[in-house]
$ cat final.cif   # mmCIF, C-alpha atoms (C1' of nucleotides)
data_model
#
loop_
_atom_site.label_atom_id
_atom_site.label_comp_id
_atom_site.auth_asym_id
_atom_site.auth_seq_id
_atom_site.Cartn_x
_atom_site.Cartn_y
_atom_site.Cartn_z
CA MET A 1 38.84 112.83 91.21
CA ASN A 2 41.54 110.53 89.90
CA ALA A 3 40.50 109.34 86.51
CA PRO A 4 39.96 105.62 86.64
CA ASP A 5 41.36 104.46 83.34
CA ASP A 6 40.82 100.88 84.34
CA LEU A 7 37.22 99.79 84.29
CA GLY A 8 38.15 96.22 85.06
CA ALA A 9 34.88 94.39 85.18
CA MET A 10 36.03 90.88 84.44
CA VAL A 11 34.63 89.81 87.78
CA VAL A 12 31.22 89.13 86.33
CA ASP A 13 29.51 85.78 86.02
CA ALA A 14 29.44 84.10 82.68
CA GLU A 15 25.71 84.43 82.16
CA THR A 16 25.73 88.19 82.38
CA ALA A 17 29.05 88.68 80.68
CA LEU A 18 27.57 88.93 77.21
CA ALA A 19 25.42 91.90 78.06
CA GLN A 20 28.43 93.64 79.32
CA SER A 21 30.66 94.44 76.44
CA PRO A 22 29.11 96.49 73.72
CA PRO A 23 32.31 97.97 72.42
CA GLY A 24 33.51 101.50 72.27
CA HIS A 25 31.05 103.36 74.46
CA LYS A 26 33.53 104.04 77.19
CA ASP A 27 34.43 107.53 76.09
CA GLU A 28 30.83 108.70 76.17
CA LEU A 29 30.77 107.43 79.71
CA ARG A 30 33.93 109.22 80.65
CA LEU A 31 32.60 112.41 79.11
CA TRP A 32 29.42 112.09 81.11
CA LEU A 33 31.25 111.46 84.37
CA ARG A 34 33.41 114.49 83.84
CA LEU A 35 30.40 116.65 83.01
CA LEU A 36 28.74 115.43 86.17
CA THR A 37 31.80 116.10 88.26
CA CYS A 38 32.11 119.67 87.02
CA THR A 39 28.47 120.40 87.72
CA THR A 40 28.53 118.77 91.14
CA LEU A 41 31.63 120.69 92.09
CA VAL A 42 30.22 124.08 91.15
CA GLU A 43 26.76 123.34 92.46
CA GLY A 44 28.04 122.16 95.82
CA GLU A 45 30.08 125.30 96.27
CA ILE A 46 27.20 127.56 95.31
CA ARG A 47 24.91 125.73 97.71
CA ALA A 48 27.42 126.11 100.52
CA ARG A 49 27.92 129.81 99.89
CA LEU A 50 24.22 130.54 99.59
CA ARG A 51 23.73 128.90 102.94
CA ARG A 52 26.73 130.56 104.53
CA ASP A 53 26.15 134.11 103.28
CA PHE A 54 22.39 134.31 102.85
CA ASP A 55 20.98 131.39 104.83
CA THR A 56 19.07 130.17 101.81
CA THR A 57 19.19 127.28 99.38
CA LEU A 58 19.74 126.79 95.68
CA PRO A 59 16.15 125.78 94.88
CA ARG A 60 14.85 128.89 96.63
CA PHE A 61 17.33 131.00 94.71
CA ASP A 62 16.38 129.38 91.42
CA LEU A 63 12.70 129.98 91.96
CA MET A 64 13.28 133.60 92.82
CA ALA A 65 15.50 133.97 89.78
CA ALA A 66 12.74 132.70 87.56
CA LEU A 67 10.30 135.16 89.07
CA ASP A 68 12.76 138.02 88.86
CA ARG A 69 13.30 137.50 85.17
CA ALA A 70 9.63 137.10 84.44
CA GLN A 71 8.70 140.24 86.27
CA GLY A 72 10.37 142.48 83.75
CA GLY A 73 8.67 140.88 80.79
CA MET A 74 5.10 140.13 81.72
CA ASN A 75 2.91 141.56 84.38
CA GLY A 76 1.35 139.47 87.06
CA GLY A 77 4.14 136.96 87.60
CA MET A 78 4.37 133.31 86.68
CA THR A 79 2.10 130.38 87.34
CA LEU A 80 3.41 127.44 89.32
CA GLY A 81 3.34 125.31 86.20
CA GLU A 82 5.47 127.73 84.25
CA ILE A 83 7.94 127.76 87.11
CA SER A 84 8.11 124.00 87.33
CA ARG A 85 8.82 123.74 83.60
CA ARG A 86 11.45 126.45 83.76
CA MET A 87 13.18 124.82 86.71
CA MET A 88 12.75 121.35 85.25
CA VAL A 89 11.36 119.99 88.48
CA SER A 90 8.08 118.36 89.35
CA ASN A 91 4.86 120.17 89.99
CA GLY A 92 4.49 119.21 93.60
CA ASN A 93 8.00 120.35 94.27
CA VAL A 94 7.16 123.92 93.35
CA THR A 95 4.09 123.83 95.58
CA GLY A 96 6.18 123.24 98.68
CA LEU A 97 8.95 125.58 97.63
CA ALA A 98 6.50 128.40 96.99
CA ALA A 99 4.80 127.76 100.31
CA ARG A 100 8.09 128.15 102.16
CA LEU A 101 9.03 131.31 100.30
CA GLU A 102 5.60 132.75 100.91
CA ALA A 103 5.88 131.99 104.61
CA GLU A 104 9.09 134.01 104.65
CA GLY A 105 7.43 136.91 102.91
CA LEU A 106 9.63 136.69 99.82
CA VAL A 107 6.91 135.86 97.29
CA GLU A 108 3.18 136.37 97.15
CA ARG A 109 0.34 134.62 95.38
CA ARG A 110 -2.64 136.01 93.68
CA ALA A 111 -5.31 134.52 91.51
CA ARG A 112 -5.43 135.34 87.83
CA PRO A 113 -8.68 137.09 86.99
CA GLY A 114 -10.81 134.87 84.84
CA ASP A 115 -9.15 131.56 85.76
CA ARG A 116 -9.50 130.44 89.31
CA ARG A 117 -7.24 127.45 88.86
CA VAL A 118 -3.95 129.24 88.49
CA GLN A 119 -1.88 130.79 91.21
CA LEU A 120 0.25 133.64 89.99
CA LEU A 121 3.49 134.03 91.92
CA ARG A 122 5.39 137.30 92.29
CA LEU A 123 8.33 138.55 94.27
CA THR A 124 7.44 140.89 97.09
CA ALA A 125 9.43 144.07 97.61
CA LYS A 126 11.41 142.25 100.27
CA GLY A 127 11.91 139.37 97.86
CA ARG A 128 13.25 141.67 95.17
CA ARG A 129 15.63 143.28 97.63
CA GLU A 130 16.89 139.93 98.87
CA PHE A 131 17.26 138.48 95.42
CA ALA A 132 19.19 141.47 94.15
CA ARG A 133 21.82 140.93 96.81
CA GLN A 134 21.98 137.18 96.26
CA SER A 135 22.04 137.47 92.52
CA ALA A 136 24.99 139.83 92.47
CA ALA A 137 26.97 137.53 94.74
CA HIS A 138 25.98 134.49 92.72
CA GLU A 139 27.16 136.03 89.50
CA ALA A 140 30.48 136.93 91.05
CA TRP A 141 30.92 133.41 92.43
CA ILE A 142 30.34 131.84 89.06
CA ALA A 143 32.76 134.24 87.44
CA GLU A 144 35.30 133.35 90.10
CA LEU A 145 34.89 129.61 89.70
CA LEU A 146 35.01 129.63 85.92
CA GLY A 147 37.47 132.48 85.64
CA GLY A 148 40.37 130.09 85.20
CA LEU A 149 39.24 129.49 81.64
CA GLU A 150 40.21 131.88 78.93
CA ALA A 151 37.49 133.66 77.01
CA LYS A 152 38.12 131.53 73.95
CA GLU A 153 37.86 128.34 75.97
CA ARG A 154 34.60 129.46 77.54
CA GLU A 155 33.25 130.28 74.12
CA ALA A 156 34.22 126.88 72.73
CA LEU A 157 32.85 125.09 75.78
CA PHE A 158 29.59 126.99 75.53
CA ARG A 159 29.22 126.02 71.90
CA LEU A 160 30.01 122.36 72.49
CA LEU A 161 27.60 122.18 75.40
CA GLY A 162 24.98 123.56 73.09
CA ARG A 163 25.67 120.69 70.73
CA ALA A 164 25.47 118.26 73.62
CA LYS A 165 22.13 119.72 74.67
CA LEU A 166 20.85 119.23 71.16
CA SER A 167 22.04 115.65 71.14
CA VAL A 168 20.29 114.84 74.41
CA ARG A 169 17.08 116.60 73.46
CA ALA A 170 17.03 114.82 70.12
CA ALA A 171 17.44 111.45 71.83
CA LEU A 172 14.68 112.34 74.26
CA SER A 173 12.05 113.91 72.10
CA PRO A 174 10.55 110.79 70.45
CA GLU A 175 9.14 109.32 73.65
CA ASP A 176 8.70 112.66 75.27
CA THR A 177 5.75 113.57 73.05
CA PRO A 178 3.39 110.59 72.88
CA MET B 1 -9.64 128.18 66.66
CA ASN B 2 -8.65 130.04 69.75
CA ALA B 3 -5.18 130.77 68.49
CA PRO B 4 -3.00 129.35 71.22
CA ASP B 5 -0.29 131.69 72.34
CA ASP B 6 2.44 129.24 71.60
CA LEU B 7 5.20 131.74 72.06
CA GLY B 8 4.26 132.28 75.65
CA ALA B 9 3.58 128.64 76.35
CA MET B 10 6.80 127.24 75.03
CA VAL B 11 8.99 125.44 77.47
CA VAL B 12 12.09 127.42 78.12
CA ASP B 13 14.85 126.39 80.46
CA ALA B 14 16.63 128.89 82.62
CA GLU B 15 19.60 129.15 80.34
CA THR B 16 17.51 130.04 77.32
CA ALA B 17 15.51 132.51 79.34
CA LEU B 18 18.66 134.30 80.40
CA ALA B 19 19.89 134.59 76.86
CA GLN B 20 16.64 136.20 75.83
CA SER B 21 15.76 139.14 77.96
CA PRO B 22 18.15 140.79 80.31
CA PRO B 23 20.81 143.22 79.21
CA GLY B 24 24.51 142.75 79.85
CA HIS B 25 25.13 139.43 81.53
CA LYS B 26 28.35 137.69 82.09
CA ASP B 27 29.16 134.86 79.78
CA GLU B 28 30.43 132.84 82.72
CA LEU B 29 26.86 132.77 83.99
CA ARG B 30 25.50 131.63 80.67
CA LEU B 31 28.14 128.96 80.47
CA TRP B 32 27.23 127.73 83.93
CA LEU B 33 23.53 127.63 83.18
CA ARG B 34 24.12 125.68 80.03
CA LEU B 35 26.36 123.24 81.86
CA LEU B 36 23.69 122.81 84.49
CA THR B 37 20.98 122.31 81.90
CA CYS B 38 22.92 119.59 80.13
CA THR B 39 23.63 117.73 83.33
CA THR B 40 20.05 118.04 84.60
CA LEU B 41 18.71 116.80 81.30
CA VAL B 42 20.89 113.70 81.21
CA GLU B 43 20.59 113.00 84.89
CA GLY B 44 16.81 113.22 84.87
CA GLU B 45 16.58 110.79 82.01
CA ILE B 46 18.95 108.34 83.64
CA ARG B 47 17.00 108.53 86.89
CA ALA B 48 13.75 107.86 85.07
CA ARG B 49 15.14 104.89 83.18
CA LEU B 50 16.78 103.37 86.24
CA ARG B 51 13.43 103.53 87.96
CA ARG B 52 11.50 102.27 84.97
CA ASP B 53 13.75 99.36 84.01
CA PHE B 54 15.38 98.36 87.28
CA ASP B 55 13.26 99.92 89.99
CA THR B 56 16.29 101.57 91.52
CA THR B 57 17.71 105.06 91.90
CA LEU B 58 20.79 106.93 90.78
CA PRO B 59 22.38 107.18 94.25
CA ARG B 60 22.01 103.43 94.72
CA PHE B 61 23.54 102.86 91.31
CA ASP B 62 26.41 105.23 92.04
CA LEU B 63 27.22 103.54 95.30
CA MET B 64 27.23 100.12 93.69
CA ALA B 65 29.40 101.45 90.88
CA ALA B 66 31.95 102.67 93.39
CA LEU B 67 32.00 99.29 95.08
CA ASP B 68 32.21 97.46 91.79
CA ARG B 69 35.26 99.40 90.72
CA ALA B 70 36.95 99.00 94.05
CA GLN B 71 36.36 95.29 94.16
CA GLY B 72 38.62 94.58 91.25
CA GLY B 73 41.50 96.55 92.70
CA MET B 74 41.59 95.93 96.41
CA ASN B 75 40.18 93.19 98.52
CA GLY B 76 37.78 93.81 101.33
CA GLY B 77 35.72 96.60 99.80
CA MET B 78 35.51 100.28 100.69
CA THR B 79 34.82 102.08 103.91
CA LEU B 80 31.82 104.35 104.15
CA GLY B 81 34.13 107.34 104.31
CA GLU B 82 35.90 106.41 101.10
CA ILE B 83 32.54 106.00 99.41
CA SER B 84 31.28 109.36 100.60
CA ARG B 85 34.41 111.07 99.27
CA ARG B 86 34.18 109.28 95.95
CA MET B 87 30.53 110.15 95.55
CA MET B 88 31.06 113.68 96.83
CA VAL B 89 28.17 113.42 99.27
CA SER B 90 27.97 113.69 103.02
CA ASN B 91 28.84 110.97 105.44
CA GLY B 92 25.41 110.50 106.89
CA ASN B 93 24.01 110.17 103.42
CA VAL B 94 26.04 107.05 102.75
CA THR B 95 24.91 105.52 106.03
CA GLY B 96 21.28 105.47 104.97
CA LEU B 97 22.02 104.49 101.42
CA ALA B 98 24.11 101.55 102.56
CA ALA B 99 21.45 100.50 105.02
CA ARG B 100 18.83 100.34 102.26
CA LEU B 101 21.11 98.43 99.92
CA GLU B 102 22.00 96.03 102.69
CA ALA B 103 18.33 95.44 103.47
CA GLU B 104 17.86 94.46 99.83
CA GLY B 105 20.76 92.05 99.98
CA LEU B 106 22.84 93.91 97.41
CA VAL B 107 25.75 94.87 99.65
CA GLU B 108 27.17 93.49 102.86
CA ARG B 109 29.19 94.96 105.69
CA ARG B 110 32.02 93.55 107.60
CA ALA B 111 34.41 94.96 110.11
CA ARG B 112 38.01 95.52 109.21
CA PRO B 113 40.24 93.40 111.41
CA GLY B 114 42.19 95.61 113.74
CA ASP B 115 39.95 98.67 113.52
CA ARG B 116 36.48 98.38 114.88
CA ARG B 117 35.48 101.88 113.81
CA VAL B 118 35.27 101.26 110.10
CA GLN B 119 32.59 99.37 108.20
CA LEU B 120 33.84 97.74 105.03
CA LEU B 121 31.20 97.53 102.31
CA ARG B 122 31.18 94.95 99.52
CA LEU B 123 28.80 93.89 96.80
CA THR B 124 27.13 90.55 97.38
CA ALA B 125 26.88 88.04 94.54
CA LYS B 126 23.35 89.25 93.94
CA GLY B 127 24.61 92.81 93.99
CA ARG B 128 27.24 92.06 91.38
CA ARG B 129 24.69 90.37 89.15
CA GLU B 130 22.25 93.27 89.44
CA PHE B 131 24.90 95.89 88.91
CA ALA B 132 26.24 94.17 85.81
CA ARG B 133 22.82 94.39 84.20
CA GLN B 134 22.28 97.97 85.25
CA SER B 135 25.74 99.05 84.27
CA ALA B 136 25.45 97.72 80.74
CA ALA B 137 22.15 99.51 80.24
CA HIS B 138 23.50 102.68 81.78
CA GLU B 139 26.45 102.72 79.44
CA ALA B 140 24.22 102.25 76.44
CA TRP B 141 21.91 105.03 77.57
CA ILE B 142 24.76 107.48 77.92
CA ALA B 143 26.06 106.52 74.52
CA GLU B 144 22.59 107.06 73.11
CA LEU B 145 22.13 110.46 74.70
CA LEU B 146 25.56 111.76 73.76
CA GLY B 147 25.73 109.94 70.45
CA GLY B 148 24.63 113.03 68.55
CA LEU B 149 28.09 114.46 69.02
CA GLU B 150 30.89 113.47 66.73
CA ALA B 151 33.94 111.82 68.17
CA LYS B 152 36.00 114.93 67.68
CA GLU B 153 33.42 117.05 69.46
CA ARG B 154 33.32 114.66 72.38
CA GLU B 155 37.06 114.73 72.59
CA ALA B 156 37.17 118.53 72.59
CA LEU B 157 34.36 118.74 75.13
CA PHE B 158 36.11 116.28 77.38
CA ARG B 159 39.28 118.31 77.25
CA LEU B 160 37.55 121.62 77.93
CA LEU B 161 35.62 120.16 80.83
CA GLY B 162 38.93 119.05 82.25
CA ARG B 163 40.08 122.65 82.07
CA ALA B 164 36.88 123.79 83.73
CA LYS B 165 37.37 121.26 86.50
CA LEU B 166 40.84 122.61 87.08
CA SER B 167 39.52 126.16 87.22
CA VAL B 168 36.90 125.29 89.79
CA ARG B 169 39.26 123.25 91.92
CA ALA B 170 41.83 126.02 91.84
CA ALA B 171 39.25 128.52 93.02
CA LEU B 172 38.19 126.14 95.76
CA SER B 173 41.46 124.78 96.98
CA PRO B 174 42.48 127.46 99.50
CA GLU B 175 39.89 126.54 102.11
CA ASP B 176 38.91 123.19 100.78
CA THR B 177 42.20 121.35 100.97
CA PRO B 178 43.46 121.00 104.49
"C1'" DC C 1 -27.23 122.37 80.58
"C1'" DC C 2 -24.39 118.36 81.19
"C1'" DG C 3 -21.11 114.97 80.44
"C1'" DG C 4 -16.11 113.93 79.26
"C1'" DG C 5 -11.58 115.43 78.48
"C1'" DT C 6 -7.89 118.73 79.70
"C1'" DT C 7 -5.22 121.62 82.52
"C1'" DG C 8 -3.46 123.61 86.99
"C1'" DG C 9 -2.37 122.52 91.64
"C1'" DT C 10 -2.18 119.95 95.90
"C1'" DT C 11 -1.47 115.88 98.66
"C1'" DT C 12 0.78 111.63 100.08
"C1'" DA C 13 4.33 108.24 100.65
"C1'" DG C 14 8.86 107.43 100.27
"C1'" DG C 15 13.55 108.26 99.19
"C1'" DC C 16 17.61 111.55 98.99
"C1'" DT C 17 20.57 115.15 101.11
"C1'" DT C 18 22.74 118.23 104.28
"C1'" DC C 19 24.30 119.97 108.73
"C1'" DA C 20 25.14 119.58 113.36
"C1'" DA C 21 25.65 116.86 117.30
"C1'" DA C 22 26.67 112.65 119.46
"C1'" DG C 23 28.84 107.70 119.94
"C1'" DA C 24 32.44 104.76 119.48
"C1'" DT C 25 37.17 103.60 118.71
"C1'" DT C 26 41.93 104.58 118.00
"C1'" DG C 27 46.11 107.09 118.62
"C1'" DT C 28 49.14 110.31 121.36
"C1'" DG C 29 51.44 113.07 124.77
"C1'" DT C 30 52.65 113.27 129.41
"C1'" DA D 1 47.83 104.95 132.89
"C1'" DC D 2 45.03 108.90 131.73
"C1'" DA D 3 43.32 112.75 129.54
"C1'" DC D 4 42.81 114.51 125.02
"C1'" DA D 5 42.63 114.88 120.21
"C1'" DA D 6 41.67 112.67 115.81
"C1'" DT D 7 38.99 109.44 112.96
"C1'" DC D 8 34.86 106.83 111.53
"C1'" DT D 9 30.19 106.34 111.73
"C1'" DT D 10 25.47 107.06 113.20
"C1'" DT D 11 21.44 109.81 114.50
"C1'" DG D 12 17.97 113.62 114.22
"C1'" DA D 13 15.80 117.56 112.26
"C1'" DA D 14 14.77 119.96 108.29
"C1'" DG D 15 14.42 120.56 103.61
"C1'" DC D 16 14.44 118.88 98.67
"C1'" DC D 17 12.49 115.81 95.13
"C1'" DT D 18 9.58 112.49 92.52
"C1'" DA D 19 5.67 109.72 91.08
"C1'" DA D 20 1.06 108.82 91.53
"C1'" DA D 21 -3.35 109.81 93.09
"C1'" DC D 22 -6.46 113.29 93.70
"C1'" DC D 23 -9.32 117.66 93.52
"C1'" DA D 24 -10.92 121.86 91.21
"C1'" DA D 25 -11.79 124.68 87.45
"C1'" DC D 26 -11.98 125.32 82.51
"C1'" DC D 27 -13.39 123.88 77.75
"C1'" DC D 28 -16.21 121.87 74.36
"C1'" DG D 29 -19.59 119.30 71.91
"C1'" DG D 30 -24.09 117.65 72.14
#
$ encode --input "final.cif" --output "structure tokens"
Amino acid sequence: MNAPDDLGAMVVDAETALAQSPPGHKDELRLWLRLLTCTTLVEGEIRARLRRDFDTTLPRFDLMAALDRAQGGMNGGMTLGEISRRMMVSNGNVTGLAARLEAEGLVERRARPGDRRVQLLRLTAKGRREFARQSAAHEAWIAELLGGLEAKEREALFRLLGRAKLSVRAALSPEDTP
Amino acid sequence: MNAPDDLGAMVVDAETALAQSPPGHKDELRLWLRLLTCTTLVEGEIRARLRRDFDTTLPRFDLMAALDRAQGGMNGGMTLGEISRRMMVSNGNVTGLAARLEAEGLVERRARPGDRRVQLLRLTAKGRREFARQSAAHEAWIAELLGGLEAKEREALFRLLGRAKLSVRAALSPEDTP
DNA sequence: CCGGGTTGGTTTAGGCTTCAAAGATTGTGT
DNA sequence: ACACAATCTTTGAAGCCTAAACCAACCCGG
């Protein structure tokens, strides 16, 4: 969108005005808004194409992607908890998502021998077939959307985003581990 | 004493997982996953703090932010359509959001003279007061989360994200811009 | 064994989000 | 005037998402 260089907020009452102007933090804000815009733009397009071409959704795709990657490494699949941590979503969210995918025959559950609490999730054969098609398209879409950047720009962006990730995680970790 | 398998139990986001196992993957995909991880991380924290400190949500905050910025510039507020375009969400979404904010006395509607189709939305006095508090906190949070980057890094990241935005928009524009 | 703490998962209530279809109003061509 | 298209908003169905409460199974120390 059009960059709003004017954040004119002088409309505020006098009593709250003091809280309002800690100096100099505007460029962090602009950086964040631009980051958010980029992500929203790409994500919205991917959602739309997943729906249009495969009649599925991004969360479904993400869950299947997690399972697909896990299946090569370890046998038996992933537990719902592992999935929820990988996807950075809540526990209950994965419950419903898995239920829908299971109803469509794309994933299957089975208990882990020796621990009756956990539900191991795996792609079915149909699920693997479906995901292979979706995954190839998805990769091409991303390459298309970000292909306007040169390789050196992508490399630099990747590195800087890694630094940003570190910064956020560092700011989060103190209260994240009580 | 039961040596915990910490390697297997470590929390790994999707981007890290991709970098680990599979063979040749496109760097565009890794870039995208890292972008998504950064955004999700920040956004989740902001959501949690908005709830914790102000008992509100990010969509509510975003809508009020749009109104707040518009109020300085033009009189009368914004139409629901303008808001939905600014926020990059659907039309019907804004309807419900506005209804909830109106029920809480934070925004108010009024018809535009001469066109009975449109609903102009404005912050109430209470809404302006609330938003001023939230906005100040929000800005500080962002500065805190992204403060681990040096000014030069932020500048470079901002510029590269601008390039990325251009790339995505260029790939989208054929069917997206009527 | 048997309690208490921990971990894995589900449920519930409520809000967010989209798409598609429908209402309502305005503008336009004939 | 009248039909018709365009614009703005609302509604309804379905899915996504979270926090908090809850249940079930495991673990461990007496």
$ resolve_selection --input "final.cif" --expression "the PyMOL selection byres ((chain D and resi 6) around 12)" --output "PDB file with C-alpha atoms (C1' of nucleotides), in the coordinates of the input"
ATOM      1  C1'  DT C  25      37.170 103.600 118.710  1.00  0.00           C
ATOM      2  C1'  DT C  26      41.930 104.580 118.000  1.00  0.00           C
ATOM      3  C1'  DG C  27      46.110 107.090 118.620  1.00  0.00           C
ATOM      4  C1'  DT C  28      49.140 110.310 121.360  1.00  0.00           C
TER       5       DT C  28
ATOM      6  C1'  DC D   4      42.810 114.510 125.020  1.00  0.00           C
ATOM      7  C1'  DA D   5      42.630 114.880 120.210  1.00  0.00           C
ATOM      8  C1'  DT D   7      38.990 109.440 112.960  1.00  0.00           C
ATOM      9  C1'  DC D   8      34.860 106.830 111.530  1.00  0.00           C
TER      10       DC D   8
END
$ residues_around --input "final.cif" --residues "DA24 (chain C)" --least-positions-apart "5" --cutoff "9 Å" --atoms "only C-alpha atoms (C1' of nucleotides)" --output "short mmCIF file (atom, residue, chain, number, x, y, z; two decimals) with C-alpha atoms (C1' of nucleotides), keeping the file's coordinate frame"
data_model
loop_
_atom_site.label_atom_id
_atom_site.label_comp_id
_atom_site.auth_asym_id
_atom_site.auth_seq_id
_atom_site.Cartn_x
_atom_site.Cartn_y
_atom_site.Cartn_z
CA ARG B 116 36.48 98.38 114.88
CA ARG B 117 35.48 101.88 113.81
"C1'" DC D 8 34.86 106.83 111.53
"C1'" DT D 9 30.19 106.34 111.73
#
$ resolve_selection --input "final.cif" --expression "the PyMOL selection byres ((chain C and resi 9) around 9)" --output "list in words"
Leu80, Gly81, Asn91, Gly92, Thr95, Arg117, Val118 and Gln119 of chain A; DG8 and DT10 of chain C; DC23 and DA24 of chain D
$ closest_residue --input "final.cif" --among "A:Ile83, A:Ala132, A:Leu106, A:Leu29" --to "chain B" --atoms "only C-alpha atoms"
A:Leu29
$ atom_distance --input "final.cif" --atom1 "CA of Leu121 (chain B)" --atom2 "CA of Leu58 (chain B)"
18.2 Å
$ resolve_selection --input "final.cif" --expression "the PyMOL selection byres ((chain D) within 12 of (chain B))" --output "list of chain:residue names"
D:DT7, D:DC8, D:DT9, D:DT10, D:DT11, D:DG12, D:DC17, D:DT18, D:DA19, D:DC27, D:DC28
$ atom_distance --input "final.cif" --atom1 "CA of Leu41 (chain B)" --atom2 "CA of Leu63 (chain A)"
18.0 Å
$ atom_distance --input "final.cif" --atom1 "CA of Leu166 (chain B)" --atom2 "CA of Val42 (chain A)"
11.5 Å
$ interface_residues --input "final.cif" --of "chain B" --to "chain A" --cutoff "6 Å" --atoms "all atoms listed in the file" --output "list in words"
Val12, Asp13, Ala14, Glu28, Leu31, Cys38, Ala136, Ala143, Leu145, Leu146, Gly148, Phe158, Lys165, Ser167, Val168 and Ala171 of chain B
$ closest_residue --input "final.cif" --among "C:DT11, C:DG23, C:DT18, C:DG3" --to "chain B" --atoms "all atoms listed in the file"
C:DT18
$ residues_near_point --input "final.cif" --point "(-14.5, 114.9, 78.2)" --cutoff "12 Å" --atoms "all atoms listed in the file" --output "compact mmCIF listing (two decimals) with C-alpha atoms (C1' of nucleotides), in the coordinates of the input"
# COMPACT_ATOMS: atom_id res chain seq x y z
C1' DC C 2 -24.39 118.36 81.19
C1' DG C 3 -21.11 114.97 80.44
C1' DG C 4 -16.11 113.93 79.26
C1' DG C 5 -11.58 115.43 78.48
C1' DT C 6 -7.89 118.73 79.70
C1' DC D 26 -11.98 125.32 82.51
C1' DC D 27 -13.39 123.88 77.75
C1' DC D 28 -16.21 121.87 74.36
C1' DG D 29 -19.59 119.30 71.91
C1' DG D 30 -24.09 117.65 72.14
